[in-house]
Amino acid sequence: MVTRETWIRIIKDFQEFELPRLVERDLRVEPDLPVRRTISIIGPRRAGKTFFMFQIIRRLLESNVDRSRILYVNIESDLLIDCALEDLRRMLDVFYEVHPESKKQKVYLFLDEVQNVPGWERFVRSVMDTENVQVFVSGSSSKLLSRELATDLRGRTLPYYVYPFNFREFLRAVGFKTEKYLSSSQKAMLLNLLQKYLRGSYPEAVLFEKEREKIMKEVFDVTVYRDIIERFKVKNVRVLRLLAKGLVSSTYFSIHKFYNYLKSLGIKVSKNTIYNYMEYFSDSLVLYPLRKYSASYRAVEQTIPKIYLVDNGLLIINGVEDTGRLMENLVFSELLKKGFTPNSNLFYLSLNNKEVDFIVKSGGKVEQLIQVCYNVEDFETREREVSALVKASRELNCNNLAIITWDYEGAEKHDGKRIRFIPLWKWLLEQ
């Protein structure tokens, strides 16, 4: 139980809290909606959801909203251990007691990591129905908009996704100003920064670069322990850790092969358990299985997925240093940040041993085919990437073809198909 005195302390502390220095995120949220909707801020742990809430709060204050009409609550505070549904209800009563003048005005309520309170969605629904309150919730679970909201808030939320810095935000954080035209020295500096960006862009790791490895290991460990083992009450921790190692080290991942691998080690576990554990990793928003494109939904689900992580820093702390894989994973994570959804409008394609890294769909049809290639100067590599694009272009009736390179730019025709070669840094900066 959270006492009245504790809530008063939290409410009063926020009134005195000085908002930290913020790296402006590109994501924009309108805090005053014309309809009653809860704004859900979703993303992996430590990706910047809390600071994004602070960014919204700062804008409210700059638009002359009095601080007494704003309340931010971090549910993971040590003051709120075992916070329950009835405690949230008590919180709002105490808030109006401390700020009675706000009862007649619109209030902005921010609940950070809300999934830690069982039944929180019932409280939010009640507030939306009975009070003049705009609610913002954040969470580190992909289920924040599905399982938890299946009844009480279905269709009454607006989701916004916060990921580690995109390239523009990263450059903003390190103080590099982008311009349309670059001098030789600016270009050299930009490519140097791109090398750093290739190693990950979690905000803390960018801002405290000397502690990067320590920060990323902590992010990974906390994700595994708190968001997976504790939340889902995982019993076979050894299998979970072996699965984590297998997923990170694999480009493709077959549960059947992993099951046989465990069997060879004398570890008894059902395939259903492995499927569940893999789903837990996906739920934590750090790992994404990308499936092969097919016109049939059933066929898509039966394909062996390629494994991508939300940030290259998580690959590097697990021993992955291959530049080609890091570059491909980076393009995947940027497609996430651009709003594409794996296995909905984003896939990979394999045709007769020819592979296209990314298939992008829009409006029910294939919109773009993308290859990622670090070195297109190598003839065999270029031929492989180009021939796969041309074949897929004919199969899928798509002529928007791109190869993302490290720094080569141009446009070429191959077998009647125009292919655009675009440097990674330029593609990253495209809106």
# chains A, B, ... in the order shown; residues from 1 in each chain; ligands from 1
$ residues_around --residues "region 338-343 of chain A" --least-positions-apart "2" --cutoff "10 Å" --atoms "only C-alpha atoms" --output "number ranges by chain"
A: 160-161, 166, 288-294, 297, 300-301, 305, 332-336, 345-348, 359-362, 428, 430-431
$ write_last_selection --atoms "N, CA and C atoms" --output "CSV table (one decimal), in the first residue's frame"
chain,number,residue,atom,x,y,z
A,160,TYR,N,2.8,6.0,-29.6
A,160,TYR,CA,4.0,6.6,-30.1
A,160,TYR,C,5.2,5.7,-29.7
A,161,TYR,N,6.1,5.5,-30.6
A,161,TYR,CA,7.3,4.6,-30.3
A,161,TYR,C,8.6,5.3,-30.2
A,166,ASN,N,17.8,8.2,-33.5
A,166,ASN,CA,18.1,8.1,-34.9
A,166,ASN,C,19.4,8.9,-35.2
A,288,TYR,N,13.9,-8.6,-32.8
A,288,TYR,CA,12.8,-8.6,-33.8
A,288,TYR,C,13.1,-9.8,-34.8
A,289,PRO,N,12.3,-10.8,-34.8
A,289,PRO,CA,12.4,-11.8,-35.9
A,289,PRO,C,11.7,-11.3,-37.2
A,290,LEU,N,12.5,-11.2,-38.2
A,290,LEU,CA,11.9,-10.7,-39.5
A,290,LEU,C,11.7,-11.9,-40.5
A,291,ARG,N,10.5,-12.0,-41.0
A,291,ARG,CA,10.2,-13.2,-41.8
A,291,ARG,C,10.2,-12.9,-43.3
A,292,LYS,N,10.3,-14.0,-44.0
A,292,LYS,CA,10.4,-14.0,-45.5
A,292,LYS,C,9.1,-13.6,-46.1
A,293,TYR,N,9.2,-12.7,-47.1
A,293,TYR,CA,7.9,-12.2,-47.7
A,293,TYR,C,7.2,-13.3,-48.5
A,294,SER,N,5.9,-13.3,-48.4
A,294,SER,CA,5.0,-14.1,-49.2
A,294,SER,C,3.7,-13.5,-49.2
A,297,TYR,N,-0.2,-15.2,-45.7
A,297,TYR,CA,0.1,-14.9,-44.3
A,297,TYR,C,0.6,-16.2,-43.6
A,300,VAL,N,4.2,-16.9,-44.6
A,300,VAL,CA,5.1,-16.0,-43.8
A,300,VAL,C,5.4,-16.5,-42.5
A,301,GLU,N,4.4,-17.0,-41.7
A,301,GLU,CA,4.6,-17.4,-40.4
A,301,GLU,C,5.4,-18.7,-40.3
A,305,PRO,N,12.9,-17.1,-39.5
A,305,PRO,CA,13.2,-15.6,-39.4
A,305,PRO,C,14.6,-15.3,-39.4
A,332,PHE,N,18.0,-2.0,-40.5
A,332,PHE,CA,16.7,-2.5,-40.0
A,332,PHE,C,16.2,-1.6,-38.9
A,333,SER,N,17.1,-1.2,-37.9
A,333,SER,CA,16.6,-0.4,-36.8
A,333,SER,C,16.1,1.0,-37.2
A,334,GLU,N,16.7,1.5,-38.3
A,334,GLU,CA,16.3,2.8,-38.8
A,334,GLU,C,14.9,2.7,-39.5
A,335,LEU,N,14.7,1.5,-40.1
A,335,LEU,CA,13.3,1.3,-40.7
A,335,LEU,C,12.3,1.2,-39.6
A,336,LEU,N,12.6,0.6,-38.5
A,336,LEU,CA,11.7,0.7,-37.3
A,336,LEU,C,11.4,2.1,-36.9
A,345,ASN,N,4.6,-4.8,-42.8
A,345,ASN,CA,5.0,-4.1,-44.0
A,345,ASN,C,6.5,-4.0,-44.3
A,346,LEU,N,7.2,-4.9,-43.6
A,346,LEU,CA,8.6,-5.1,-43.7
A,346,LEU,C,9.0,-6.5,-43.6
A,347,PHE,N,9.7,-7.0,-44.7
A,347,PHE,CA,10.1,-8.4,-44.8
A,347,PHE,C,11.5,-8.5,-45.4
A,348,TYR,N,12.0,-9.8,-45.4
A,348,TYR,CA,13.1,-10.1,-46.3
A,348,TYR,C,12.6,-11.0,-47.4
A,359,ILE,N,12.2,-5.9,-47.9
A,359,ILE,CA,11.0,-5.7,-48.8
A,359,ILE,C,10.1,-4.7,-48.0
A,360,VAL,N,9.8,-3.6,-48.6
A,360,VAL,CA,9.0,-2.6,-47.9
A,360,VAL,C,7.6,-2.5,-48.6
A,361,LYS,N,6.6,-2.6,-47.9
A,361,LYS,CA,5.2,-2.6,-48.4
A,361,LYS,C,4.5,-1.3,-48.0
A,362,SER,N,3.5,-0.9,-48.9
A,362,SER,CA,2.7,0.2,-48.6
A,362,SER,C,1.4,0.1,-49.3
A,428,LEU,N,20.2,7.8,-44.0
A,428,LEU,CA,19.8,8.0,-42.6
A,428,LEU,C,19.2,9.4,-42.4
A,430,GLU,N,17.6,11.1,-44.6
A,430,GLU,CA,16.4,11.4,-45.4
A,430,GLU,C,15.2,11.4,-44.5
A,431,GLN,N,14.2,12.3,-44.7
A,431,GLN,CA,13.0,12.3,-43.9
A,431,GLN,C,12.2,11.1,-44.3
$ select_by_dssp --residues "region 264-355 of chain A" --states "strand (DSSP E)" --output "VMD selection string"
chain A and resid 287 to 290 306 to 309 346 to 351 354 to 355
$ write_last_selection --atoms "N, CA and C atoms" --output "short mmCIF file (atom, residue, chain, number, x, y, z; two decimals), in the first residue's frame"
data_model
loop_
_atom_site.label_atom_id
_atom_site.label_comp_id
_atom_site.auth_asym_id
_atom_site.auth_seq_id
_atom_site.Cartn_x
_atom_site.Cartn_y
_atom_site.Cartn_z
N LEU A 287 14.48 -7.35 -29.50
CA LEU A 287 14.77 -8.34 -30.53
C LEU A 287 13.59 -8.50 -31.47
N TYR A 288 13.89 -8.58 -32.79
CA TYR A 288 12.84 -8.64 -33.80
C TYR A 288 13.12 -9.76 -34.80
N PRO A 289 12.29 -10.79 -34.84
CA PRO A 289 12.41 -11.81 -35.89
C PRO A 289 11.74 -11.28 -37.16
N LEU A 290 12.49 -11.20 -38.25
CA LEU A 290 11.95 -10.72 -39.52
C LEU A 290 11.74 -11.90 -40.45
N LYS A 306 14.93 -14.05 -39.87
CA LYS A 306 16.23 -13.42 -39.65
C LYS A 306 16.11 -12.63 -38.35
N ILE A 307 17.19 -12.58 -37.60
CA ILE A 307 17.16 -11.95 -36.28
C ILE A 307 17.84 -10.58 -36.33
N TYR A 308 17.11 -9.58 -35.88
CA TYR A 308 17.66 -8.22 -35.76
C TYR A 308 17.45 -7.72 -34.33
N LEU A 309 18.35 -6.86 -33.88
CA LEU A 309 18.22 -6.22 -32.58
C LEU A 309 17.92 -4.74 -32.76
N LEU A 346 7.16 -4.94 -43.55
CA LEU A 346 8.61 -5.07 -43.70
C LEU A 346 9.00 -6.54 -43.63
N PHE A 347 9.72 -7.02 -44.66
CA PHE A 347 10.10 -8.43 -44.76
C PHE A 347 11.49 -8.54 -45.39
N TYR A 348 12.01 -9.78 -45.45
CA TYR A 348 13.13 -10.06 -46.33
C TYR A 348 12.62 -10.99 -47.43
N LEU A 349 13.45 -11.23 -48.45
CA LEU A 349 13.02 -12.08 -49.56
C LEU A 349 14.17 -12.98 -49.98
N SER A 350 13.83 -14.22 -50.27
CA SER A 350 14.81 -15.17 -50.80
C SER A 350 14.19 -15.87 -52.00
N LEU A 351 14.89 -15.76 -53.16
CA LEU A 351 14.41 -16.38 -54.41
C LEU A 351 15.54 -17.16 -55.05
N LYS A 354 18.92 -16.28 -54.09
CA LYS A 354 19.19 -14.85 -54.20
C LYS A 354 18.35 -14.13 -53.14
N GLU A 355 19.01 -13.29 -52.35
CA GLU A 355 18.29 -12.67 -51.23
C GLU A 355 18.26 -11.15 -51.37
#
$ residues_around --residues "Leu171 (chain A)" --least-positions-apart "4" --cutoff "9 Å" --atoms "only C-alpha atoms" --output "JSON, numbers by chain"
{"A": [166, 167, 175, 176, 177, 178, 190, 193, 197]}
$ residues_around --residues "region 199-211 of chain A" --least-positions-apart "3" --cutoff "10 Å" --atoms "only C-alpha atoms" --output "number ranges by chain"
A: 23, 44-48, 51, 163-167, 169-171, 173-174, 194-196, 214-216, 219, 310-317, 321, 323, 326-327, 330
$ write_last_selection --atoms "C-alpha atoms" --output "PDB file, in the first residue's frame"
ATOM      1  CA  VAL A  23      18.403  16.104 -26.498  1.00  0.00           C
ATOM      2  CA  PRO A  44      12.705  -0.689 -25.129  1.00  0.00           C
ATOM      3  CA  ARG A  45      14.089  -0.024 -21.678  1.00  0.00           C
ATOM      4  CA  ARG A  46      16.512   2.936 -21.499  1.00  0.00           C
ATOM      5  CA  ALA A  47      15.672   4.148 -25.016  1.00  0.00           C
ATOM      6  CA  GLY A  48      14.602   7.572 -23.730  1.00  0.00           C
ATOM      7  CA  PHE A  51      13.155  11.992 -21.203  1.00  0.00           C
ATOM      8  CA  TYR A 163      13.711   3.969 -29.868  1.00  0.00           C
ATOM      9  CA  PRO A 164      17.412   4.738 -29.345  1.00  0.00           C
ATOM     10  CA  PHE A 165      18.553   7.892 -31.173  1.00  0.00           C
ATOM     11  CA  ASN A 166      18.106   8.074 -34.920  1.00  0.00           C
ATOM     12  CA  PHE A 167      21.058   9.551 -36.825  1.00  0.00           C
ATOM     13  CA  GLU A 169      19.218  12.907 -32.973  1.00  0.00           C
ATOM     14  CA  PHE A 170      22.652  11.321 -32.526  1.00  0.00           C
ATOM     15  CA  LEU A 171      24.313  14.174 -34.435  1.00  0.00           C
ATOM     16  CA  ALA A 173      23.500  14.954 -29.165  1.00  0.00           C
ATOM     17  CA  VAL A 174      27.191  15.181 -30.151  1.00  0.00           C
ATOM     18  CA  LEU A 194      28.825   7.418 -38.596  1.00  0.00           C
ATOM     19  CA  GLN A 195      31.409   4.854 -37.485  1.00  0.00           C
ATOM     20  CA  LYS A 196      30.501   5.664 -33.882  1.00  0.00           C
ATOM     21  CA  LYS A 214      29.235  -0.905 -19.083  1.00  0.00           C
ATOM     22  CA  ILE A 215      25.956   0.860 -19.908  1.00  0.00           C
ATOM     23  CA  MET A 216      25.083  -1.541 -22.732  1.00  0.00           C
ATOM     24  CA  VAL A 219      20.784  -2.536 -20.460  1.00  0.00           C
ATOM     25  CA  VAL A 310      16.908  -2.764 -31.838  1.00  0.00           C
ATOM     26  CA  ASP A 311      20.434  -1.377 -31.480  1.00  0.00           C
ATOM     27  CA  ASN A 312      23.918  -2.393 -32.601  1.00  0.00           C
ATOM     28  CA  GLY A 313      25.291  -1.825 -29.112  1.00  0.00           C
ATOM     29  CA  LEU A 314      23.490  -4.979 -27.992  1.00  0.00           C
ATOM     30  CA  LEU A 315      25.208  -6.950 -30.767  1.00  0.00           C
ATOM     31  CA  ILE A 316      28.653  -5.592 -29.952  1.00  0.00           C
ATOM     32  CA  ILE A 317      28.567  -6.450 -26.237  1.00  0.00           C
ATOM     33  CA  GLU A 321      31.847  -7.059 -34.742  1.00  0.00           C
ATOM     34  CA  THR A 323      30.757  -4.555 -40.220  1.00  0.00           C
ATOM     35  CA  LEU A 326      26.208  -4.206 -38.101  1.00  0.00           C
ATOM     36  CA  MET A 327      25.354  -2.103 -41.153  1.00  0.00           C
ATOM     37  CA  LEU A 330      21.443  -0.543 -38.423  1.00  0.00           C
TER      38      LEU A 330
END
$ atom_distance --atom1 "CA of Gly324 (chain A)" --atom2 "CA of Phe379 (chain A)"
16.3 Å
$ closest_residue --among "A:Ile404, A:Val135, A:Leu369, A:Val376" --to "Arg36 (chain A)" --atoms "only C-alpha atoms"
A:Val135
$ closest_residue --among "A:Val29, A:Val94, A:Ile42, A:Ile75" --to "Arg9 (chain A)" --atoms "only C-alpha atoms"
A:Val94
$ atom_distance --atom1 "CA of Arg394 (chain A)" --atom2 "CA of Ile422 (chain A)"
21.6 Å
$ select_by_dssp --residues "region 27-274 of chain A" --states "alpha helix (DSSP H)" --output "PyMOL selection string"
chain A and resi 49-62+85-98+120-130+167-174+184-197+203-207+212-222+237-249+255-264+271-274
$ write_last_selection --atoms "C-alpha atoms" --output "compact mmCIF listing (two decimals), in the first residue's frame"
# COMPACT_ATOMS: atom_id res chain seq x y z
CA LYS A 49 10.88 7.26 -22.90
CA THR A 50 11.24 9.13 -19.60
CA PHE A 51 13.15 11.99 -21.20
CA PHE A 52 10.59 12.10 -23.99
CA MET A 53 7.91 12.58 -21.33
CA PHE A 54 10.04 15.40 -19.90
CA GLN A 55 10.21 16.91 -23.39
CA ILE A 56 6.39 16.99 -23.53
CA ILE A 57 6.25 18.45 -20.00
CA ARG A 58 8.73 21.18 -20.95
CA ARG A 59 6.58 22.15 -23.92
CA LEU A 60 3.51 22.32 -21.71
CA LEU A 61 5.35 24.63 -19.31
CA GLU A 62 6.57 26.77 -22.22
CA LEU A 85 -4.61 -0.31 -8.65
CA GLU A 86 -6.21 1.20 -5.53
CA ASP A 87 -3.01 3.18 -4.92
CA LEU A 88 -3.36 4.91 -8.30
CA ARG A 89 -6.91 5.88 -7.40
CA ARG A 90 -5.67 7.30 -4.09
CA MET A 91 -2.93 9.20 -5.95
CA LEU A 92 -5.41 11.31 -7.94
CA ASP A 93 -7.48 12.10 -4.85
CA VAL A 94 -4.37 13.28 -3.01
CA PHE A 95 -3.26 15.31 -6.05
CA TYR A 96 -6.55 17.25 -6.04
CA GLU A 97 -6.23 17.68 -2.30
CA VAL A 98 -2.78 19.25 -2.73
CA TRP A 120 -3.56 -0.04 -14.46
CA GLU A 121 -5.69 0.21 -17.61
CA ARG A 122 -8.90 0.18 -15.52
CA PHE A 123 -7.67 3.21 -13.61
CA VAL A 124 -6.80 5.05 -16.83
CA ARG A 125 -10.19 4.22 -18.37
CA SER A 126 -11.97 5.52 -15.27
CA VAL A 127 -9.95 8.76 -15.31
CA MET A 128 -10.67 9.28 -19.00
CA ASP A 129 -14.40 8.80 -18.42
CA THR A 130 -14.81 10.91 -15.28
CA PHE A 167 21.06 9.55 -36.82
CA ARG A 168 19.75 13.12 -36.74
CA GLU A 169 19.22 12.91 -32.97
CA PHE A 170 22.65 11.32 -32.53
CA LEU A 171 24.31 14.17 -34.43
CA ARG A 172 22.31 16.66 -32.37
CA ALA A 173 23.50 14.95 -29.16
CA VAL A 174 27.19 15.18 -30.15
CA SER A 184 35.69 17.90 -47.23
CA SER A 185 36.44 18.28 -43.54
CA GLN A 186 32.73 18.19 -42.61
CA LYS A 187 32.25 15.06 -44.71
CA ALA A 188 35.24 13.38 -43.05
CA MET A 189 33.88 14.28 -39.62
CA LEU A 190 30.42 12.99 -40.55
CA LEU A 191 31.82 9.62 -41.68
CA ASN A 192 33.81 9.40 -38.45
CA LEU A 193 30.62 9.99 -36.46
CA LEU A 194 28.83 7.42 -38.60
CA GLN A 195 31.41 4.85 -37.48
CA LYS A 196 30.50 5.66 -33.88
CA TYR A 197 26.78 5.56 -34.64
CA PRO A 203 21.05 7.82 -25.36
CA GLU A 204 23.13 7.12 -22.25
CA ALA A 205 25.79 5.28 -24.24
CA VAL A 206 26.05 8.24 -26.64
CA LEU A 207 26.17 10.91 -23.93
CA ARG A 212 29.42 2.74 -23.27
CA GLU A 213 30.28 -0.94 -22.73
CA LYS A 214 29.23 -0.91 -19.08
CA ILE A 215 25.96 0.86 -19.91
CA MET A 216 25.08 -1.54 -22.73
CA LYS A 217 25.81 -4.62 -20.61
CA GLU A 218 23.55 -3.22 -17.93
CA VAL A 219 20.78 -2.54 -20.46
CA PHE A 220 21.00 -6.11 -21.73
CA ASP A 221 21.13 -7.66 -18.25
CA VAL A 222 18.23 -5.57 -16.91
CA VAL A 237 17.11 -19.48 -16.74
CA ARG A 238 19.92 -21.54 -18.31
CA VAL A 239 17.85 -22.23 -21.43
CA LEU A 240 16.86 -18.55 -21.63
CA ARG A 241 20.51 -17.47 -21.52
CA LEU A 242 21.52 -20.04 -24.15
CA LEU A 243 18.63 -18.81 -26.29
CA ALA A 244 19.79 -15.21 -25.91
CA LYS A 245 23.29 -16.20 -27.00
CA GLY A 246 21.91 -18.22 -29.93
CA LEU A 247 19.65 -15.41 -31.12
CA VAL A 248 22.34 -12.72 -31.00
CA SER A 249 24.95 -14.87 -32.75
CA ILE A 255 13.83 -23.23 -33.22
CA HIS A 256 13.97 -26.84 -34.43
CA LYS A 257 17.77 -26.69 -34.76
CA PHE A 258 18.12 -24.95 -31.39
CA TYR A 259 15.92 -27.62 -29.80
CA ASN A 260 18.23 -30.33 -31.18
CA TYR A 261 21.25 -28.38 -29.94
CA LEU A 262 19.84 -28.33 -26.40
CA LYS A 263 19.08 -32.03 -26.71
CA SER A 264 22.73 -32.70 -27.61
CA LYS A 271 9.68 -26.64 -28.21
CA ASN A 272 6.70 -24.71 -26.82
CA THR A 273 8.92 -23.39 -24.01
CA ILE A 274 11.48 -22.20 -26.57
